Amino acid sequence: MMSGLVQEKDGYEKMKGTDEHHVSPSSGQDEKQSGLDEKQVLENIDNTLKDTDFPIGKQYKGKVRDNYLLGDRRLIVATDRLSAFDRIITALPFKGQMLSQMSNYWFGRTRHIIRNHLLDIPDPNVVVVHECKPLPVEMVVRGYLTGSLWRAYAEGQRFLYGMKFNADLRKDQAFDHPLITPTTKAAYGTHDTPISREKIISEGLVEKNVYEQMEEVSLKLFSFATRELEKNGLLLVDTKYEFGIHEGQLMLMDEIHTSDSSRFWEEEFYERRFEAGQDQEALDKEYVRQWLLSQGFKGDGEPPTLPTEVIVKAVLKYHTALERITGEPLAVRQGDVLERITTNLKNKGYLP
Ligand SMILES: Nc1ncnc2c1ncn2[C@@H]1O[C@H](COP(=O)(O)OP(=O)(O)OP(=O)(O)O)[C@@H](O)[C@H]1O
Ligand SMILES: [Mg+2]
């Protein structure tokens, strides 16, 4: 039904990154204050975790996380690397810790909906999880018409992901119900590809009954988080879930409702900005994407170096998201990140 209609072949990260709206990296009047201060970020500007190389298990390095495969378990280190347009751009102080904290928060709060992979948190940047057999489809759930979906729609496409869209929709408009726009999970270095539910099932990527369960769970998680975030004045715009099979059963894996896997907008500005056709106040990495675009970077060639002020602002945005999502500020730890992680992993028996 949809093959040939969806021309966009790039991944969710990439797709999320190419909105061509106006760039305003400087502080807007709608900016909210956060707790972690500029001084602390500046003091730690070079204290970032860029890379790890522990002598355990089989290594798999994702763009953001270093994975150590330990048989039926996996140790995942959230580094401070920032990816955009499917490229590693820079490292942001405290980013790994903040993302881990967000994800762990949601893993703890969604167990009534679905089992998840989390087993242990030996360090603020590290989780130990059940090794799953990953299902090859990423479940992207969207509450609003924005990002790559908006771009495809604005190009005139009306059949997307196996669904038909009305002709009178506007950028950033809320859908009546959240939509699932699945993508196939790309092998390293390639982009994820949009796919329809029909194709996922007919091509046997995921068994029908399992896929139906993934749909049900994804929508439940999305509506749960939507309601929770509303209490904190945040809109959950879209997000991505990854599932695997563990001991024959569906399990939620990877990360959940973080600033890397989701878009969050400030509820209080939404309506006014939507009516005025202005961009939303985003608490995800959109700020960095927009800055990169303002420098003419769309993923090809050498990424530009982020000026200190852009790094600081990006870190403070992640921190605002963390505080607003979890209700708790970052526990700032002094000292070298890699040293701390190494000590914690040794003490807990994960490193010799
Ligand atoms: N419990 C789990 N079992 C198996 N694989 C997992 C589990 N949790 C997460 N993963 C996988 O581990 C990786 C996490 O690293 P990261 O997200 O940085 O990689 P990535 O950038 O998504 O990888 P790639 O760059 O290929 O997409 C992902 O490939 C994710 O699918
Ligand atoms: Mg990933």
# chains A, B, ... in the order shown; residues from 1 in each chain; ligands from 1
$ residues_around --residues "Glu138 (chain A)" --least-positions-apart "4" --cutoff "7 Å" --atoms "only C-alpha atoms" --output "PDB file with C-alpha atoms, in the first residue's frame"
ATOM      1  CA  PRO A 182       7.377   2.324  12.750  1.00  0.00           C
ATOM      2  CA  THR A 183      10.829   2.206  11.211  1.00  0.00           C
ATOM      3  CA  THR A 184      13.056  -0.752  10.554  1.00  0.00           C
ATOM      4  CA  LYS A 185      16.044  -0.822  12.859  1.00  0.00           C
ATOM      5  CA  LYS A 240      10.755   5.818  20.157  1.00  0.00           C
ATOM      6  CA  TYR A 241      10.562   2.450  21.875  1.00  0.00           C
ATOM      7  CA  GLU A 242      12.687  -0.621  21.269  1.00  0.00           C
TER       8      GLU A 242
END
$ residues_near_ligand --ligand "ligand 2" --cutoff "8 Å" --atoms "only C-alpha atoms and all ligand atoms" --output "JSON, numbers by chain"
{"A": [62, 63, 64, 65, 254, 255, 261]}
$ write_last_selection --atoms "N, CA and C atoms" --output "PDB file, in the first residue's frame"
ATOM      1  N   GLY A  62      27.656   1.948  20.071  1.00  0.00           N
ATOM      2  CA  GLY A  62      26.627   2.700  19.362  1.00  0.00           C
ATOM      3  C   GLY A  62      27.115   4.130  19.216  1.00  0.00           C
ATOM      4  N   LYS A  63      26.277   4.956  18.671  1.00  0.00           N
ATOM      5  CA  LYS A  63      26.693   6.352  18.544  1.00  0.00           C
ATOM      6  C   LYS A  63      26.848   6.994  19.911  1.00  0.00           C
ATOM      7  N   VAL A  64      25.975   6.623  20.823  1.00  0.00           N
ATOM      8  CA  VAL A  64      25.963   7.290  22.120  1.00  0.00           C
ATOM      9  C   VAL A  64      26.420   6.381  23.263  1.00  0.00           C
ATOM     10  N   ARG A  65      26.087   5.120  23.153  1.00  0.00           N
ATOM     11  CA  ARG A  65      26.366   4.225  24.275  1.00  0.00           C
ATOM     12  C   ARG A  65      27.364   3.132  23.918  1.00  0.00           C
ATOM     13  N   ASP A 254      16.552  -0.929  25.565  1.00  0.00           N
ATOM     14  CA  ASP A 254      17.169   0.319  25.139  1.00  0.00           C
ATOM     15  C   ASP A 254      16.908   1.439  26.142  1.00  0.00           C
ATOM     16  N   GLU A 255      16.362   2.562  25.715  1.00  0.00           N
ATOM     17  CA  GLU A 255      16.113   3.689  26.619  1.00  0.00           C
ATOM     18  C   GLU A 255      14.657   4.102  26.476  1.00  0.00           C
ATOM     19  N   SER A 261      15.636  10.221  22.781  1.00  0.00           N
ATOM     20  CA  SER A 261      14.682   9.355  22.073  1.00  0.00           C
ATOM     21  C   SER A 261      13.312  10.009  21.907  1.00  0.00           C
TER      22      SER A 261
END
$ closest_residue --among "A:Ile89, A:Ala167, A:Leu70, A:Leu338" --to "Ile311 (chain A)" --atoms "only C-alpha atoms"
A:Ile89
$ residues_near_ligand --ligand "ligand 1" --cutoff "8 Å" --atoms "only C-alpha atoms and all ligand atoms" --output "PDB file with N, CA and C atoms, in the first residue's frame"
ATOM      1  N   TYR A  60      30.235  -3.459  21.757  1.00  0.00           N
ATOM      2  CA  TYR A  60      29.499  -2.884  20.633  1.00  0.00           C
ATOM      3  C   TYR A  60      29.353  -1.402  20.929  1.00  0.00           C
ATOM      4  N   LYS A  61      29.884  -0.572  20.035  1.00  0.00           N
ATOM      5  CA  LYS A  61      29.776   0.862  20.278  1.00  0.00           C
ATOM      6  C   LYS A  61      28.679   1.458  19.424  1.00  0.00           C
ATOM      7  N   GLY A  62      27.656   1.948  20.071  1.00  0.00           N
ATOM      8  CA  GLY A  62      26.627   2.700  19.362  1.00  0.00           C
ATOM      9  C   GLY A  62      27.115   4.130  19.216  1.00  0.00           C
ATOM     10  N   LYS A  63      26.277   4.956  18.671  1.00  0.00           N
ATOM     11  CA  LYS A  63      26.693   6.352  18.544  1.00  0.00           C
ATOM     12  C   LYS A  63      26.848   6.994  19.911  1.00  0.00           C
ATOM     13  N   VAL A  64      25.975   6.623  20.823  1.00  0.00           N
ATOM     14  CA  VAL A  64      25.963   7.290  22.120  1.00  0.00           C
ATOM     15  C   VAL A  64      26.420   6.381  23.263  1.00  0.00           C
ATOM     16  N   ARG A  65      26.087   5.120  23.153  1.00  0.00           N
ATOM     17  CA  ARG A  65      26.366   4.225  24.275  1.00  0.00           C
ATOM     18  C   ARG A  65      27.364   3.132  23.918  1.00  0.00           C
ATOM     19  N   ASP A  66      28.224   2.837  24.883  1.00  0.00           N
ATOM     20  CA  ASP A  66      29.163   1.724  24.734  1.00  0.00           C
ATOM     21  C   ASP A  66      28.542   0.501  25.399  1.00  0.00           C
ATOM     22  N   ASN A  67      28.422  -0.559  24.614  1.00  0.00           N
ATOM     23  CA  ASN A  67      27.781  -1.775  25.102  1.00  0.00           C
ATOM     24  C   ASN A  67      28.818  -2.874  25.306  1.00  0.00           C
ATOM     25  N   ARG A  73      23.654 -11.022  29.937  1.00  0.00           N
ATOM     26  CA  ARG A  73      23.528  -9.631  30.379  1.00  0.00           C
ATOM     27  C   ARG A  73      24.307  -8.711  29.470  1.00  0.00           C
ATOM     28  N   ARG A  74      23.975  -7.448  29.562  1.00  0.00           N
ATOM     29  CA  ARG A  74      24.658  -6.433  28.768  1.00  0.00           C
ATOM     30  C   ARG A  74      24.919  -5.246  29.689  1.00  0.00           C
ATOM     31  N   ILE A  76      25.669  -1.381  29.741  1.00  0.00           N
ATOM     32  CA  ILE A  76      25.573  -0.237  28.816  1.00  0.00           C
ATOM     33  C   ILE A  76      26.068   1.034  29.503  1.00  0.00           C
ATOM     34  N   ALA A  78      26.332   4.916  29.224  1.00  0.00           N
ATOM     35  CA  ALA A  78      25.865   6.102  28.501  1.00  0.00           C
ATOM     36  C   ALA A  78      27.008   7.108  28.520  1.00  0.00           C
ATOM     37  N   ASP A  86      22.577  11.568  12.649  1.00  0.00           N
ATOM     38  CA  ASP A  86      23.271  10.280  12.618  1.00  0.00           C
ATOM     39  C   ASP A  86      24.782  10.398  12.704  1.00  0.00           C
ATOM     40  N   HIS A 117      14.219  -4.254  30.663  1.00  0.00           N
ATOM     41  CA  HIS A 117      15.508  -4.954  30.743  1.00  0.00           C
ATOM     42  C   HIS A 117      16.371  -4.575  31.947  1.00  0.00           C
ATOM     43  N   LEU A 118      15.996  -3.547  32.689  1.00  0.00           N
ATOM     44  CA  LEU A 118      16.889  -3.007  33.725  1.00  0.00           C
ATOM     45  C   LEU A 118      17.111  -3.967  34.902  1.00  0.00           C
ATOM     46  N   VAL A 129      21.743  -4.799  32.072  1.00  0.00           N
ATOM     47  CA  VAL A 129      20.404  -5.164  31.623  1.00  0.00           C
ATOM     48  C   VAL A 129      20.361  -6.619  31.154  1.00  0.00           C
ATOM     49  N   HIS A 130      19.159  -7.151  31.042  1.00  0.00           N
ATOM     50  CA  HIS A 130      18.976  -8.456  30.411  1.00  0.00           C
ATOM     51  C   HIS A 130      19.323  -8.334  28.935  1.00  0.00           C
ATOM     52  N   GLU A 131      20.126  -9.237  28.426  1.00  0.00           N
ATOM     53  CA  GLU A 131      20.373  -9.273  26.989  1.00  0.00           C
ATOM     54  C   GLU A 131      19.103  -9.809  26.305  1.00  0.00           C
ATOM     55  N   CYS A 132      18.597  -9.054  25.365  1.00  0.00           N
ATOM     56  CA  CYS A 132      17.379  -9.475  24.650  1.00  0.00           C
ATOM     57  C   CYS A 132      17.715  -9.818  23.212  1.00  0.00           C
ATOM     58  N   LYS A 133      16.811 -10.537  22.572  1.00  0.00           N
ATOM     59  CA  LYS A 133      16.898 -10.720  21.131  1.00  0.00           C
ATOM     60  C   LYS A 133      16.100  -9.556  20.545  1.00  0.00           C
ATOM     61  N   PRO A 134      16.815  -8.561  19.964  1.00  0.00           N
ATOM     62  CA  PRO A 134      16.109  -7.351  19.552  1.00  0.00           C
ATOM     63  C   PRO A 134      15.121  -7.618  18.415  1.00  0.00           C
ATOM     64  N   LYS A 185      14.824  -1.146  12.119  1.00  0.00           N
ATOM     65  CA  LYS A 185      16.044  -0.822  12.859  1.00  0.00           C
ATOM     66  C   LYS A 185      17.231  -1.018  11.931  1.00  0.00           C
ATOM     67  N   ALA A 186      17.954   0.063  11.705  1.00  0.00           N
ATOM     68  CA  ALA A 186      19.030   0.017  10.719  1.00  0.00           C
ATOM     69  C   ALA A 186      20.281  -0.611  11.292  1.00  0.00           C
ATOM     70  N   ALA A 187      21.031  -1.268  10.440  1.00  0.00           N
ATOM     71  CA  ALA A 187      22.351  -1.738  10.834  1.00  0.00           C
ATOM     72  C   ALA A 187      23.235  -0.515  11.020  1.00  0.00           C
ATOM     73  N   TYR A 188      24.337  -0.700  11.792  1.00  0.00           N
ATOM     74  CA  TYR A 188      25.178   0.439  12.110  1.00  0.00           C
ATOM     75  C   TYR A 188      25.602   1.204  10.857  1.00  0.00           C
ATOM     76  N   GLY A 189      25.476   2.513  10.924  1.00  0.00           N
ATOM     77  CA  GLY A 189      25.948   3.347   9.825  1.00  0.00           C
ATOM     78  C   GLY A 189      24.920   3.585   8.723  1.00  0.00           C
ATOM     79  N   THR A 190      23.822   2.845   8.767  1.00  0.00           N
ATOM     80  CA  THR A 190      22.780   3.120   7.777  1.00  0.00           C
ATOM     81  C   THR A 190      21.606   3.776   8.491  1.00  0.00           C
ATOM     82  N   GLU A 242      12.096   0.587  21.838  1.00  0.00           N
ATOM     83  CA  GLU A 242      12.687  -0.621  21.269  1.00  0.00           C
ATOM     84  C   GLU A 242      12.313  -1.800  22.150  1.00  0.00           C
ATOM     85  N   GLY A 244      12.544  -6.233  22.699  1.00  0.00           N
ATOM     86  CA  GLY A 244      13.245  -7.465  22.389  1.00  0.00           C
ATOM     87  C   GLY A 244      12.483  -8.619  22.994  1.00  0.00           C
ATOM     88  N   LEU A 252      10.704  -4.542  27.131  1.00  0.00           N
ATOM     89  CA  LEU A 252      11.106  -3.196  26.721  1.00  0.00           C
ATOM     90  C   LEU A 252      12.604  -3.047  26.985  1.00  0.00           C
ATOM     91  N   MET A 253      13.342  -2.561  25.981  1.00  0.00           N
ATOM     92  CA  MET A 253      14.794  -2.444  26.164  1.00  0.00           C
ATOM     93  C   MET A 253      15.272  -1.055  25.742  1.00  0.00           C
ATOM     94  N   ASP A 254      16.552  -0.929  25.565  1.00  0.00           N
ATOM     95  CA  ASP A 254      17.169   0.319  25.139  1.00  0.00           C
ATOM     96  C   ASP A 254      16.908   1.439  26.142  1.00  0.00           C
ATOM     97  N   GLU A 255      16.362   2.562  25.715  1.00  0.00           N
ATOM     98  CA  GLU A 255      16.113   3.689  26.619  1.00  0.00           C
ATOM     99  C   GLU A 255      14.657   4.102  26.476  1.00  0.00           C
TER     100      GLU A 255
END
$ select_by_dssp --residues "region 158-262 of chain A" --states "strand (DSSP E)" --output "PyMOL selection string"
chain A and resi 159-160+163-164+174-180+183-184+193-194+234-246+249-253+262
$ atom_distance --atom1 "CA of Lys199 (chain A)" --atom2 "CA of Arg170 (chain A)"
27.8 Å
$ select_by_dssp --residues "region 63-235 of chain A" --states "alpha helix (DSSP H)" --output "number ranges by chain"
A: 95-109, 147-154, 197-202, 208-231
$ residues_around --residues "region 101-115 of chain A" --least-positions-apart "2" --cutoff "9 Å" --atoms "only C-alpha atoms" --output "PDB file with C-alpha atoms, in the first residue's frame"
ATOM      1  CA  GLY A  96      25.299  10.519  29.822  1.00  0.00           C
ATOM      2  CA  GLN A  97      24.369  10.715  33.455  1.00  0.00           C
ATOM      3  CA  MET A  98      21.295  12.828  32.742  1.00  0.00           C
ATOM      4  CA  LEU A  99      20.018  10.506  30.025  1.00  0.00           C
ATOM      5  CA  HIS A 117      15.508  -4.954  30.743  1.00  0.00           C
ATOM      6  CA  LEU A 118      16.889  -3.007  33.725  1.00  0.00           C
ATOM      7  CA  ILE A 121      22.603   0.665  38.105  1.00  0.00           C
ATOM      8  CA  PRO A 124      24.996   7.029  37.284  1.00  0.00           C
ATOM      9  CA  ASN A 125      26.212   6.477  33.699  1.00  0.00           C
ATOM     10  CA  VAL A 127      23.122   0.120  33.541  1.00  0.00           C
ATOM     11  CA  VAL A 217       2.307  -1.522  24.874  1.00  0.00           C
ATOM     12  CA  LYS A 220      -0.003   2.522  26.748  1.00  0.00           C
ATOM     13  CA  LEU A 221       3.489   3.784  27.533  1.00  0.00           C
ATOM     14  CA  PHE A 224       1.001   7.064  30.563  1.00  0.00           C
ATOM     15  CA  ALA A 225       3.979   9.363  29.969  1.00  0.00           C
ATOM     16  CA  GLN A 249       8.405 -12.866  26.200  1.00  0.00           C
ATOM     17  CA  LEU A 250       8.250  -9.303  25.047  1.00  0.00           C
ATOM     18  CA  MET A 251      10.562  -6.947  26.927  1.00  0.00           C
ATOM     19  CA  LEU A 252      11.106  -3.196  26.721  1.00  0.00           C
ATOM     20  CA  MET A 253      14.794  -2.444  26.164  1.00  0.00           C
ATOM     21  CA  ASP A 254      17.169   0.319  25.139  1.00  0.00           C
ATOM     22  CA  GLU A 255      16.113   3.689  26.619  1.00  0.00           C
ATOM     23  CA  ILE A 256      12.740   5.222  27.356  1.00  0.00           C
ATOM     24  CA  HIS A 257      11.392   8.781  27.238  1.00  0.00           C
ATOM     25  CA  THR A 258      14.772  10.522  27.205  1.00  0.00           C
ATOM     26  CA  SER A 259      15.762  13.734  25.467  1.00  0.00           C
ATOM     27  CA  ALA A 321      14.333  18.361  30.862  1.00  0.00           C
ATOM     28  CA  LEU A 322      15.704  16.096  33.567  1.00  0.00           C
ATOM     29  CA  ILE A 325      10.585  15.052  33.893  1.00  0.00           C
ATOM     30  CA  THR A 326      11.796  13.432  37.079  1.00  0.00           C
ATOM     31  CA  LEU A 330      21.155  16.260  38.696  1.00  0.00           C
TER      32      LEU A 330
END
$ closest_residue --among "A:Leu75, A:Leu283, A:Ala331, A:Val337" --to "Asp120 (chain A)" --atoms "only C-alpha atoms"
A:Leu75
$ closest_atom_pairs --of "region 178-272 of chain A" --to "region 143-166 of chain A" --cutoff "10 Å" --atoms "only C-alpha atoms" --output "CSV"
residue,atom,partner,partner_atom,distance
A:Pro178,CA,A:Gly143,CA,4.5
A:Leu179,CA,A:Gly143,CA,6.6
A:Ile180,CA,A:Tyr161,CA,8.5
A:Thr181,CA,A:Tyr161,CA,5.8
A:Pro182,CA,A:Tyr161,CA,7.2
A:Thr183,CA,A:Tyr161,CA,8.7
A:Pro194,CA,A:Tyr161,CA,6.4
A:Ile195,CA,A:Tyr161,CA,5.4
A:Ser196,CA,A:Tyr161,CA,4.4
A:Arg197,CA,A:Gly162,CA,6.9
A:Glu198,CA,A:Gly162,CA,7.3
A:Lys199,CA,A:Gly162,CA,8.6
A:Phe222,CA,A:Gly143,CA,8.8
A:Ser223,CA,A:Gly143,CA,9.5
A:Thr226,CA,A:Gly143,CA,9.1
A:Leu235,CA,A:Gly143,CA,8.9
A:Leu236,CA,A:Gly143,CA,7.3
A:Val237,CA,A:Gly143,CA,5.3
A:Asp238,CA,A:Gly143,CA,5.9
A:Thr239,CA,A:Gly143,CA,9.1
A:Arg263,CA,A:Gly147,CA,9.6
$ closest_residue --among "A:Trp265, A:Glu275, A:Ala314, A:Ser218" --to "Glu230 (chain A)" --atoms "only C-alpha atoms"
A:Trp265
$ closest_residue --among "A:Asp172, A:Asp53, A:Asp72, A:Glu228" --to "Gly327 (chain A)" --atoms "only C-alpha atoms"
A:Glu228
$ closest_residue --among "A:Lys208, A:Lys58, A:Lys95, A:Arg227" --to "Lys285 (chain A)" --atoms "only C-alpha atoms"
A:Lys95
$ residues_around --residues "region 307-310 of chain A" --least-positions-apart "4" --cutoff "12 Å" --atoms "only C-alpha atoms" --output "VMD selection string"
chain A and resid 24 to 27 38 to 39 41 to 46 90 to 93 285 287 to 292 295 314 to 317
